[in-house]
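Enquirer: Sending over structure01.pdb (PDB, C-alpha atoms).
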```pdb
ATOM      1  CA  MET A 777       0.000   0.000   0.000  1.00  0.00           C
ATOM      2  CA  SER A 778       1.385   3.396  -0.933  1.00  0.00           C
ATOM      3  CA  THR A 779       2.381   5.740   1.895  1.00  0.00           C
ATOM      4  CA  ALA A 780       2.311   8.797  -0.373  1.00  0.00           C
ATOM      5  CA  PRO A 781      -0.332  11.430   0.442  1.00  0.00           C
ATOM      6  CA  LEU A 782      -3.343  10.966  -1.798  1.00  0.00           C
ATOM      7  CA  PRO A 783      -6.522  12.927  -2.529  1.00  0.00           C
ATOM      8  CA  PRO A 784      -9.733  11.438  -1.113  1.00  0.00           C
ATOM      9  CA  VAL A 785     -11.171   8.572  -3.166  1.00  0.00           C
ATOM     10  CA  VAL A 786     -14.869   9.073  -4.019  1.00  0.00           C
ATOM     11  CA  ASP A 787     -17.442   7.654  -6.410  1.00  0.00           C
ATOM     12  CA  ALA A 788     -17.679   8.989  -9.957  1.00  0.00           C
ATOM     13  CA  ALA A 789     -20.811  11.072  -9.287  1.00  0.00           C
ATOM     14  CA  THR A 790     -19.182  12.865  -6.350  1.00  0.00           C
ATOM     15  CA  TRP A 791     -16.021  13.475  -8.376  1.00  0.00           C
ATOM     16  CA  ARG A 792     -18.089  14.925 -11.242  1.00  0.00           C
ATOM     17  CA  ARG A 793     -19.980  17.213  -8.835  1.00  0.00           C
ATOM     18  CA  GLU A 794     -16.727  18.548  -7.338  1.00  0.00           C
ATOM     19  CA  LEU A 795     -15.223  19.014 -10.813  1.00  0.00           C
ATOM     20  CA  ASP A 796     -18.304  20.937 -11.977  1.00  0.00           C
ATOM     21  CA  ALA A 797     -18.045  23.235  -8.949  1.00  0.00           C
ATOM     22  CA  LEU A 798     -14.374  23.926  -9.750  1.00  0.00           C
ATOM     23  CA  ARG A 799     -15.244  24.496 -13.406  1.00  0.00           C
ATOM     24  CA  VAL A 800     -17.461  27.434 -12.418  1.00  0.00           C
ATOM     25  CA  ARG A 801     -14.414  29.182 -10.947  1.00  0.00           C
ATOM     26  CA  GLU A 802     -12.199  28.182 -13.887  1.00  0.00           C
ATOM     27  CA  LYS A 803     -14.690  29.618 -16.379  1.00  0.00           C
ATOM     28  CA  ALA A 804     -14.948  32.822 -14.354  1.00  0.00           C
ATOM     29  CA  ALA A 805     -11.152  33.123 -14.418  1.00  0.00           C
ATOM     30  CA  THR A 806     -11.151  32.571 -18.194  1.00  0.00           C
ATOM     31  CA  ARG A 807     -13.728  35.336 -18.678  1.00  0.00           C
ATOM     32  CA  GLU A 808     -11.684  37.657 -16.467  1.00  0.00           C
ATOM     33  CA  LEU A 809      -8.537  36.928 -18.495  1.00  0.00           C
ATOM     34  CA  ASP A 810     -10.521  37.706 -21.653  1.00  0.00           C
ATOM     35  CA  ALA A 811     -11.576  41.026 -20.116  1.00  0.00           C
ATOM     36  CA  ILE A 812      -7.968  41.780 -19.146  1.00  0.00           C
ATOM     37  CA  ALA A 813      -6.844  41.045 -22.706  1.00  0.00           C
ATOM     38  CA  ALA A 814      -9.541  43.380 -24.015  1.00  0.00           C
ATOM     39  CA  GLN A 815      -8.266  46.137 -21.729  1.00  0.00           C
ATOM     40  CA  ARG A 816      -4.704  45.414 -22.856  1.00  0.00           C
ATOM     41  CA  ARG A 817      -5.746  45.926 -26.472  1.00  0.00           C
ATOM     42  CA  ARG A 818      -6.999  49.382 -25.474  1.00  0.00           C
ATOM     43  CA  LEU A 819      -3.836  50.491 -23.679  1.00  0.00           C
ATOM     44  CA  PRO A 820      -2.154  53.644 -24.930  1.00  0.00           C
ATOM     45  CA  MET A 821       1.462  53.326 -26.069  1.00  0.00           C
ATOM     46  CA  VAL A 822       4.668  55.336 -25.859  1.00  0.00           C
ATOM     47  CA  GLU A 823       6.926  56.261 -28.767  1.00  0.00           C
ATOM     48  CA  LEU A 824      10.511  55.073 -28.356  1.00  0.00           C
ATOM     49  CA  PRO A 825      13.774  56.655 -29.494  1.00  0.00           C
ATOM     50  CA  GLU A 826      15.811  54.799 -32.098  1.00  0.00           C
ATOM     51  CA  TYR A 827      17.749  52.021 -30.349  1.00  0.00           C
ATOM     52  CA  THR A 828      20.598  50.061 -31.913  1.00  0.00           C
ATOM     53  CA  LEU A 829      21.154  46.503 -30.687  1.00  0.00           C
ATOM     54  CA  GLY A 830      23.853  43.952 -31.403  1.00  0.00           C
ATOM     55  CA  GLY A 831      22.881  41.050 -33.623  1.00  0.00           C
ATOM     56  CA  ALA A 832      24.577  37.980 -35.030  1.00  0.00           C
ATOM     57  CA  ASP A 833      25.458  39.949 -38.174  1.00  0.00           C
ATOM     58  CA  GLY A 834      26.352  43.237 -36.490  1.00  0.00           C
ATOM     59  CA  PRO A 835      24.458  46.309 -35.257  1.00  0.00           C
ATOM     60  CA  VAL A 836      20.728  46.358 -35.974  1.00  0.00           C
ATOM     61  CA  ARG A 837      18.085  48.978 -35.346  1.00  0.00           C
ATOM     62  CA  LEU A 838      15.206  47.986 -33.083  1.00  0.00           C
ATOM     63  CA  ALA A 839      12.859  48.732 -35.980  1.00  0.00           C
ATOM     64  CA  ASP A 840      14.734  46.146 -38.059  1.00  0.00           C
ATOM     65  CA  VAL A 841      14.528  43.485 -35.326  1.00  0.00           C
ATOM     66  CA  PHE A 842      10.868  43.223 -36.368  1.00  0.00           C
ATOM     67  CA  ASP A 843      12.134  41.757 -39.668  1.00  0.00           C
ATOM     68  CA  GLY A 844       9.198  43.279 -41.525  1.00  0.00           C
ATOM     69  CA  ALA A 845       6.537  42.373 -38.963  1.00  0.00           C
ATOM     70  CA  SER A 846       4.496  45.057 -37.248  1.00  0.00           C
ATOM     71  CA  GLN A 847       4.468  43.469 -33.771  1.00  0.00           C
ATOM     72  CA  LEU A 848       7.312  42.258 -31.587  1.00  0.00           C
ATOM     73  CA  ILE A 849       7.502  40.390 -28.282  1.00  0.00           C
ATOM     74  CA  VAL A 850      10.855  40.642 -26.495  1.00  0.00           C
ATOM     75  CA  TYR A 851      11.938  38.493 -23.579  1.00  0.00           C
ATOM     76  CA  ASN A 852      14.594  40.391 -21.621  1.00  0.00           C
ATOM     77  CA  HIS A 853      16.878  37.579 -20.407  1.00  0.00           C
ATOM     78  CA  MET A 854      18.725  38.177 -17.132  1.00  0.00           C
ATOM     79  CA  TRP A 855      22.485  38.176 -17.701  1.00  0.00           C
ATOM     80  CA  SER A 856      25.768  38.305 -15.777  1.00  0.00           C
ATOM     81  CA  ASP A 857      28.824  38.902 -17.959  1.00  0.00           C
ATOM     82  CA  GLY A 858      31.366  36.098 -18.015  1.00  0.00           C
ATOM     83  CA  ASN A 859      29.218  33.433 -16.319  1.00  0.00           C
ATOM     84  CA  GLU A 860      29.241  30.058 -18.022  1.00  0.00           C
ATOM     85  CA  TRP A 861      25.687  29.339 -16.857  1.00  0.00           C
ATOM     86  CA  GLN A 862      23.119  32.112 -16.687  1.00  0.00           C
ATOM     87  CA  CYS A 863      19.829  32.508 -14.804  1.00  0.00           C
ATOM     88  CA  PRO A 864      18.138  29.069 -14.663  1.00  0.00           C
ATOM     89  CA  GLY A 865      14.675  30.640 -14.638  1.00  0.00           C
ATOM     90  CA  CYS A 866      15.317  32.606 -17.823  1.00  0.00           C
ATOM     91  CA  THR A 867      17.133  29.684 -19.421  1.00  0.00           C
ATOM     92  CA  GLY A 868      14.309  27.281 -18.641  1.00  0.00           C
ATOM     93  CA  PHE A 869      11.652  29.758 -19.728  1.00  0.00           C
ATOM     94  CA  THR A 870      13.188  30.456 -23.123  1.00  0.00           C
ATOM     95  CA  SER A 871      14.053  26.788 -23.766  1.00  0.00           C
ATOM     96  CA  GLN A 872      10.316  26.106 -24.146  1.00  0.00           C
ATOM     97  CA  PHE A 873       9.938  28.177 -27.320  1.00  0.00           C
ATOM     98  CA  THR A 874      11.029  26.175 -30.343  1.00  0.00           C
ATOM     99  CA  ARG A 875       8.257  26.568 -32.926  1.00  0.00           C
ATOM    100  CA  LEU A 876       7.008  30.142 -33.100  1.00  0.00           C
ATOM    101  CA  ASP A 877       6.870  30.527 -36.895  1.00  0.00           C
ATOM    102  CA  VAL A 878       3.093  30.755 -36.597  1.00  0.00           C
ATOM    103  CA  LEU A 879       3.496  34.226 -35.071  1.00  0.00           C
ATOM    104  CA  ASP A 880       5.081  35.522 -38.249  1.00  0.00           C
ATOM    105  CA  ARG A 881       2.887  33.556 -40.646  1.00  0.00           C
ATOM    106  CA  TYR A 882      -0.504  34.365 -39.152  1.00  0.00           C
ATOM    107  CA  TYR A 883      -0.113  37.206 -36.645  1.00  0.00           C
ATOM    108  CA  ASP A 884       2.433  39.559 -38.226  1.00  0.00           C
ATOM    109  CA  ALA A 885       4.642  39.211 -35.127  1.00  0.00           C
ATOM    110  CA  ARG A 886       8.004  37.960 -33.861  1.00  0.00           C
ATOM    111  CA  PHE A 887       9.317  36.746 -30.496  1.00  0.00           C
ATOM    112  CA  VAL A 888      13.033  37.339 -29.763  1.00  0.00           C
ATOM    113  CA  ILE A 889      15.401  37.490 -26.805  1.00  0.00           C
ATOM    114  CA  VAL A 890      17.323  40.607 -25.805  1.00  0.00           C
ATOM    115  CA  SER A 891      19.945  40.589 -23.059  1.00  0.00           C
ATOM    116  CA  ASN A 892      22.541  42.958 -21.667  1.00  0.00           C
ATOM    117  CA  GLY A 893      25.542  40.704 -22.333  1.00  0.00           C
ATOM    118  CA  PRO A 894      28.024  40.991 -25.196  1.00  0.00           C
ATOM    119  CA  ILE A 895      26.580  39.482 -28.362  1.00  0.00           C
ATOM    120  CA  GLU A 896      29.425  36.939 -28.651  1.00  0.00           C
ATOM    121  CA  GLU A 897      28.621  35.605 -25.176  1.00  0.00           C
ATOM    122  CA  LEU A 898      24.899  35.572 -25.888  1.00  0.00           C
ATOM    123  CA  LEU A 899      25.271  33.575 -29.085  1.00  0.00           C
ATOM    124  CA  ALA A 900      27.670  31.122 -27.441  1.00  0.00           C
ATOM    125  CA  TYR A 901      25.244  30.628 -24.569  1.00  0.00           C
ATOM    126  CA  ARG A 902      22.401  30.165 -27.024  1.00  0.00           C
ATOM    127  CA  GLU A 903      24.264  27.200 -28.508  1.00  0.00           C
ATOM    128  CA  ARG A 904      25.362  25.914 -25.101  1.00  0.00           C
ATOM    129  CA  VAL A 905      21.780  25.533 -23.908  1.00  0.00           C
ATOM    130  CA  GLY A 906      20.223  24.628 -27.270  1.00  0.00           C
ATOM    131  CA  ASN A 907      18.039  27.721 -27.559  1.00  0.00           C
ATOM    132  CA  ARG A 908      16.326  28.222 -30.939  1.00  0.00           C
ATOM    133  CA  MET A 909      15.235  31.844 -30.699  1.00  0.00           C
ATOM    134  CA  GLN A 910      17.062  34.855 -32.136  1.00  0.00           C
ATOM    135  CA  TRP A 911      19.149  36.769 -29.616  1.00  0.00           C
ATOM    136  CA  PHE A 912      20.146  40.439 -29.591  1.00  0.00           C
ATOM    137  CA  SER A 913      22.434  42.394 -27.277  1.00  0.00           C
ATOM    138  CA  SER A 914      21.627  45.663 -25.518  1.00  0.00           C
ATOM    139  CA  ALA A 915      25.115  45.861 -23.971  1.00  0.00           C
ATOM    140  CA  ASP A 916      25.932  49.075 -25.865  1.00  0.00           C
ATOM    141  CA  SER A 917      22.495  50.612 -25.485  1.00  0.00           C
ATOM    142  CA  SER A 918      20.212  51.908 -22.739  1.00  0.00           C
ATOM    143  CA  PHE A 919      17.483  49.601 -24.067  1.00  0.00           C
ATOM    144  CA  GLY A 920      17.674  47.117 -21.172  1.00  0.00           C
ATOM    145  CA  VAL A 921      17.509  49.797 -18.504  1.00  0.00           C
ATOM    146  CA  ASP A 922      14.763  51.691 -20.305  1.00  0.00           C
ATOM    147  CA  MET A 923      12.709  48.496 -20.663  1.00  0.00           C
ATOM    148  CA  ASP A 924      12.912  47.737 -16.909  1.00  0.00           C
ATOM    149  CA  ALA A 925      15.538  45.004 -17.352  1.00  0.00           C
ATOM    150  CA  PRO A 926      18.822  46.520 -16.085  1.00  0.00           C
ATOM    151  CA  PRO A 927      22.157  44.656 -16.159  1.00  0.00           C
ATOM    152  CA  ASN A 928      22.617  41.867 -13.588  1.00  0.00           C
ATOM    153  CA  ALA A 929      19.115  42.302 -12.242  1.00  0.00           C
ATOM    154  CA  GLY A 930      16.188  42.489 -14.598  1.00  0.00           C
ATOM    155  CA  PHE A 931      14.111  40.121 -16.674  1.00  0.00           C
ATOM    156  CA  GLY A 932      10.686  40.530 -18.177  1.00  0.00           C
ATOM    157  CA  VAL A 933       8.558  40.729 -21.280  1.00  0.00           C
ATOM    158  CA  ASN A 934       8.052  43.803 -23.442  1.00  0.00           C
ATOM    159  CA  VAL A 935       5.754  44.167 -26.439  1.00  0.00           C
ATOM    160  CA  PHE A 936       6.198  46.667 -29.271  1.00  0.00           C
ATOM    161  CA  LEU A 937       4.314  47.918 -32.294  1.00  0.00           C
ATOM    162  CA  ARG A 938       6.063  49.271 -35.405  1.00  0.00           C
ATOM    163  CA  ASP A 939       4.671  51.856 -37.782  1.00  0.00           C
ATOM    164  CA  GLY A 940       7.250  52.351 -40.508  1.00  0.00           C
ATOM    165  CA  ASP A 941      10.527  53.149 -38.723  1.00  0.00           C
ATOM    166  CA  THR A 942       8.774  54.314 -35.554  1.00  0.00           C
ATOM    167  CA  VAL A 943       8.527  51.828 -32.663  1.00  0.00           C
ATOM    168  CA  TYR A 944       6.088  52.060 -29.771  1.00  0.00           C
ATOM    169  CA  ARG A 945       6.122  50.237 -26.444  1.00  0.00           C
ATOM    170  CA  THR A 946       2.671  48.789 -25.779  1.00  0.00           C
ATOM    171  CA  TRP A 947       2.956  46.421 -22.774  1.00  0.00           C
ATOM    172  CA  HIS A 948       5.360  45.156 -20.114  1.00  0.00           C
ATOM    173  CA  THR A 949       5.385  42.591 -17.329  1.00  0.00           C
ATOM    174  CA  GLU A 950       7.996  41.003 -15.061  1.00  0.00           C
ATOM    175  CA  GLY A 951       8.325  38.502 -12.226  1.00  0.00           C
ATOM    176  CA  ARG A 952       5.396  36.121 -12.018  1.00  0.00           C
ATOM    177  CA  GLY A 953       3.672  38.153 -14.710  1.00  0.00           C
ATOM    178  CA  THR A 954       5.731  36.157 -17.214  1.00  0.00           C
ATOM    179  CA  GLU A 955       4.313  32.807 -16.042  1.00  0.00           C
ATOM    180  CA  ARG A 956       1.247  32.887 -18.287  1.00  0.00           C
ATOM    181  CA  LEU A 957       3.592  32.590 -21.264  1.00  0.00           C
ATOM    182  CA  SER A 958       5.158  29.427 -19.859  1.00  0.00           C
ATOM    183  CA  HIS A 959       4.002  26.061 -21.170  1.00  0.00           C
ATOM    184  CA  LEU A 960       5.623  24.214 -18.278  1.00  0.00           C
ATOM    185  CA  GLN A 961       4.059  26.109 -15.375  1.00  0.00           C
ATOM    186  CA  GLY A 962       0.604  25.737 -16.874  1.00  0.00           C
ATOM    187  CA  LEU A 963       1.039  21.980 -17.165  1.00  0.00           C
ATOM    188  CA  VAL A 964       2.526  21.557 -13.694  1.00  0.00           C
ATOM    189  CA  ASP A 965      -0.338  23.531 -12.139  1.00  0.00           C
ATOM    190  CA  LEU A 966      -2.722  20.830 -13.430  1.00  0.00           C
ATOM    191  CA  LEU A 967      -0.935  18.048 -11.532  1.00  0.00           C
ATOM    192  CA  PRO A 968      -2.396  16.753  -8.238  1.00  0.00           C
ATOM    193  CA  TYR A 969       0.724  17.829  -6.322  1.00  0.00           C
ATOM    194  CA  GLY A 970       1.141  21.121  -8.225  1.00  0.00           C
ATOM    195  CA  ARG A 971       4.525  22.840  -8.214  1.00  0.00           C
ATOM    196  CA  GLN A 972       5.323  21.454  -4.749  1.00  0.00           C
ATOM    197  CA  GLU A 973       6.640  24.845  -3.647  1.00  0.00           C
ATOM    198  CA  GLU A 974       6.270  25.963  -0.048  1.00  0.00           C
ATOM    199  CA  TRP A 975       4.201  29.069  -0.881  1.00  0.00           C
ATOM    200  CA  GLU A 976       1.406  26.996  -2.437  1.00  0.00           C
ATOM    201  CA  ASP A 977      -1.846  26.356  -0.590  1.00  0.00           C
ATOM    202  CA  SER A 978      -1.817  22.549  -0.612  1.00  0.00           C
ATOM    203  CA  PRO A 979      -3.441  19.881   1.574  1.00  0.00           C
ATOM    204  CA  GLU A 980      -1.613  18.799   4.718  1.00  0.00           C
ATOM    205  CA  GLY A 981       1.167  16.324   3.930  1.00  0.00           C
ATOM    206  CA  TRP A 982       1.492  17.230   0.246  1.00  0.00           C
ATOM    207  CA  PRO A 983       5.126  17.192  -0.961  1.00  0.00           C
ATOM    208  CA  GLN A 984       6.600  20.675  -0.801  1.00  0.00           C
ATOM    209  CA  HIS A 985      10.068  22.094  -1.364  1.00  0.00           C
ATOM    210  CA  PRO A 986      11.702  25.506  -1.081  1.00  0.00           C
ATOM    211  CA  THR A 987      10.577  27.849  -3.845  1.00  0.00           C
ATOM    212  CA  TYR A 988      12.647  27.564  -7.050  1.00  0.00           C
ATOM    213  CA  SER A 989      14.451  24.439  -5.790  1.00  0.00           C
ATOM    214  CA  GLN A 990      12.665  22.186  -8.302  1.00  0.00           C
ATOM    215  CA  GLY A 991      13.240  22.014 -12.020  1.00  0.00           C
ATOM    216  CA  MET A 992      16.328  21.875 -14.179  1.00  0.00           C
ATOM    217  CA  GLY A 993      19.283  24.189 -13.780  1.00  0.00           C
ATOM    218  CA  SER A 994      20.931  25.848 -16.754  1.00  0.00           C
ATOM    219  CA  LYS A 995      23.701  23.237 -16.876  1.00  0.00           C
ATOM    220  CA  GLU A 996      21.128  20.425 -17.005  1.00  0.00           C
ATOM    221  CA  ILE A 997      19.256  22.191 -19.812  1.00  0.00           C
ATOM    222  CA  GLY A 998      22.522  22.479 -21.715  1.00  0.00           C
ATOM    223  CA  ALA A 999      23.243  18.801 -21.216  1.00  0.00           C
ATOM    224  CA  LEU A1000      19.820  17.855 -22.599  1.00  0.00           C
ATOM    225  CA  TYR A1001      19.447  20.309 -25.470  1.00  0.00           C
ATOM    226  CA  GLY A1002      22.733  22.124 -26.037  1.00  0.00           C
ATOM    227  CA  ALA A1003      25.593  21.682 -28.473  1.00  0.00           C
ATOM    228  CA  GLY A1004      27.210  18.975 -26.368  1.00  0.00           C
ATOM    229  CA  SER A1005      24.063  16.988 -25.714  1.00  0.00           C
TER     230      SER A1005
END
```
Let's see the structure in the file written out as structure tokens.

Expert:
Amino acid sequence: MSTAPLPPVVDAATWRRELDALRVREKAATRELDAIAAQRRRLPMVELPEYTLGGADGPVRLADVFDGASQLIVYNHMWSDGNEWQCPGCTGFTSQFTRLDVLDRYYDARFVIVSNGPIEELLAYRERVGNRMQWFSSADSSFGVDMDAPPNAGFGVNVFLRDGDTVYRTWHTEGRGTERLSHLQGLVDLLPYGRQEEWEDSPEGWPQHPTYSQGMGSKEIGALYGAGS
């Protein structure tokens, strides 16, 4: 007999009744997220100065990072110059995005990574961890600071709209605000034991660990997906 903590075992009718009650709250949350998205689409925007970033082929204007698209999502990856392995949270987050061509094909949009490190280090790290997204450097620009992702400290998501050569900032989030973009967190939240982190409201006896102690580190991600895997 298993000694692991288990949810109560009930008959199918009771389970269905409890699921239906939870579904009411889930549907309400979905409608609220729809309303939030509607408000986001009505946000004003701010015109940006002309930034120049570092790319794989040399300097590139922010307007050209769009590569012809009108919309751009940027993940600002936390970075510490010279470190072999960078932020595990950022590394794990960005490792999930491997097939985003649909953004360009159907939504006139791109999703890229920008970080404050030197472009040579960024591209080498990209290969080390097996990342498939395009990376750009803001090391020689105030872009990272201006987008609330300063060197050695910040990460987040910024969204931009381009009209000709003029770029506008339309939305920003950071911290746990980035979680809704994560495939992994959404899947783990469906599991009976959840993320197993100590901040979660879980039944007595459920497995729990210190926050951020679970999951793969950057070195493990590199071993699985990177150039030497």

Enquirer: Could you state which residues are captured by the PyMOL selection byres ((chain A and resi 826) around 12) in this file, as a PyMOL selection string?

Expert: chain A and resi 823-825+827-829+836-841+917-919+938+941-944

Enquirer: Generate the output file for the selected residues, C-alpha atoms, as a PDB file, in the frame of the given file.

Expert:
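Listing of part32.pdb after writing:
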```
ATOM      1  CA  GLU A 823       6.926  56.261 -28.767  1.00  0.00           C
ATOM      2  CA  LEU A 824      10.511  55.073 -28.356  1.00  0.00           C
ATOM      3  CA  PRO A 825      13.774  56.655 -29.494  1.00  0.00           C
ATOM      4  CA  TYR A 827      17.749  52.021 -30.349  1.00  0.00           C
ATOM      5  CA  THR A 828      20.598  50.061 -31.913  1.00  0.00           C
ATOM      6  CA  LEU A 829      21.154  46.503 -30.687  1.00  0.00           C
ATOM      7  CA  VAL A 836      20.728  46.358 -35.974  1.00  0.00           C
ATOM      8  CA  ARG A 837      18.085  48.978 -35.346  1.00  0.00           C
ATOM      9  CA  LEU A 838      15.206  47.986 -33.083  1.00  0.00           C
ATOM     10  CA  ALA A 839      12.859  48.732 -35.980  1.00  0.00           C
ATOM     11  CA  ASP A 840      14.734  46.146 -38.059  1.00  0.00           C
ATOM     12  CA  VAL A 841      14.528  43.485 -35.326  1.00  0.00           C
ATOM     13  CA  SER A 917      22.495  50.612 -25.485  1.00  0.00           C
ATOM     14  CA  SER A 918      20.212  51.908 -22.739  1.00  0.00           C
ATOM     15  CA  PHE A 919      17.483  49.601 -24.067  1.00  0.00           C
ATOM     16  CA  ARG A 938       6.063  49.271 -35.405  1.00  0.00           C
ATOM     17  CA  ASP A 941      10.527  53.149 -38.723  1.00  0.00           C
ATOM     18  CA  THR A 942       8.774  54.314 -35.554  1.00  0.00           C
ATOM     19  CA  VAL A 943       8.527  51.828 -32.663  1.00  0.00           C
ATOM     20  CA  TYR A 944       6.088  52.060 -29.771  1.00  0.00           C
TER      21      TYR A 944
END
```

Enquirer: Counting only C-alpha atoms, which residue out of A:Glu974, A:Gly998, A:Leu795, A:Val850 sits closest to Ala925 (chain A)?

Expert: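 Of the candidates, the smallest distance to Ala925 (chain A) is held by A:Val850.
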
Enquirer: As a list in words, please: the residues near Ser871 (chain A) (cut-off 9 Å, all atoms listed in the file, same-chain neighbours under 2 positions excluded).

Expert: Cys866, Thr867, Gly868, Phe869, Phe873, Thr874, Val905, Gly906, Asn907, Arg908, Met909, Ile997 and Tyr1001 of chain A

Enquirer: Please list as a ChimeraX atom specification every residue within 9 Å of Pro781 (chain A), counting all atoms listed in the file and excluding residues in the same chain fewer than 4 positions away.

Expert: /A:980-983

Enquirer: Got a sec to resolve the PyMOL selection byres ((chain A and resi 931) around 10) on this structure and send the residues as a list in words?

Expert: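 This file gives the following for the PyMOL selection byres ((chain A and resi 931) around 10): Tyr851, Asn852, His853, Met854, Trp855, Cys863, Gly865, Cys866, Val890, Ser891, Gly920, Met923, Asp924, Ala925, Pro926, Pro927, Asn928, Ala929, Gly930, Gly932, Val933, Asn934, Thr949, Glu950, Gly951 and Thr954 of chain A.
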
Enquirer: Name the closest residue to Met821 (chain A) among the candidates A:Ser856, A:Thr946, A:Ser846, A:Gln910; distances are taken between atoms, counting all atoms listed in the file.

Expert: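 Using all atoms listed in the file, Met821 (chain A) sits closest to A:Thr946.
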
Enquirer: Counting all atoms listed in the file, figure out which residue out of A:Met992, A:Leu957, A:Leu963, A:Ile849 gets nearest to Arg886 (chain A).

Expert: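 Between A:Met992, A:Leu957, A:Leu963, A:Ile849, the residue approaching Arg886 (chain A) most closely is A:Ile849.
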
Enquirer: Measure the distance from CA of Leu898 (chain A) to CA of Gly834 (chain A) in Å and round it to one decimal.

Expert: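 Separating CA of Leu898 (chain A) from CA of Gly834 (chain A) is a distance of 13.2 Å.
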
Enquirer: Would you compute the distance between CA of Val935 (chain A) and CA of Thr987 (chain A)? Give it in Å to one decimal.

Expert: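 Between CA of Val935 (chain A) and CA of Thr987 (chain A) the gap is 28.3 Å.
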
Enquirer: From the list A:Glu896, A:Asn859, A:His948, A:Gly970, which residue is nearest Asp922 (chain A) when using all atoms listed in the file?

Expert: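 Selected residue with least distance to Asp922 (chain A): A:His948.
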
Enquirer: From the set A:Trp791, A:Phe842, A:Tyr988, A:Trp975, which residue has the shortest atom-to-atom contact distance to Pro864 (chain A), counting all atoms listed in the file?

Expert: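 Checking each of A:Trp791, A:Phe842, A:Tyr988, A:Trp975 against Pro864 (chain A), counting all atoms listed in the file, the winner is A:Tyr988.
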
Enquirer: If the PyMOL selection byres ((chain A and resi 880-883) around 10) is run on the structure shown, which residues does it catch, given as a ChimeraX atom specification?

Expert: /A:842-848,876-879,884-887

Enquirer: Find the residues around Ile895 (chain A) up to 7 Å (all atoms listed in the file counted), leave out those fewer than 2 positions away in its own chain, and share them as an NGL selection string.

Expert: :A and (830-831 or 893 or 897-899 or 912-913)

Enquirer: Kindly provide, as a PyMOL selection string, the polymer residues lying within 12 Å of (-2.1, 21.4, -9.5), counting only C-alpha atoms and using the coordinates exactly as they appear in the file.

Expert: chain A and resi 783+961-973+976-979+982-983

Enquirer: Please compute the CA of Ser914 (chain A)-CA of Leu1000 (chain A) distance, one decimal, in Å.

Expert: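 Interatomic distance here is 28.0 Å.
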
Enquirer: Determine the nearest neighbour of Ala915 (chain A) from the options A:Asp857, A:Ala832, A:Gly940, A:Tyr901, counting all atoms listed in the file.

Expert: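 The closest residue to Ala915 (chain A) is A:Asp857.
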
Enquirer: Emit as lines of an AutoDock Vina configuration file the padded axis-aligned box for all listed atoms of region 871-886 of chain A, 5 Å per side, with centre and edge lengths in Å to one decimal.

Expert:
```
center_x = 6.8
center_y = 32.8
center_z = -32.2
size_x = 24.6
size_y = 23.5
size_z = 26.9
```
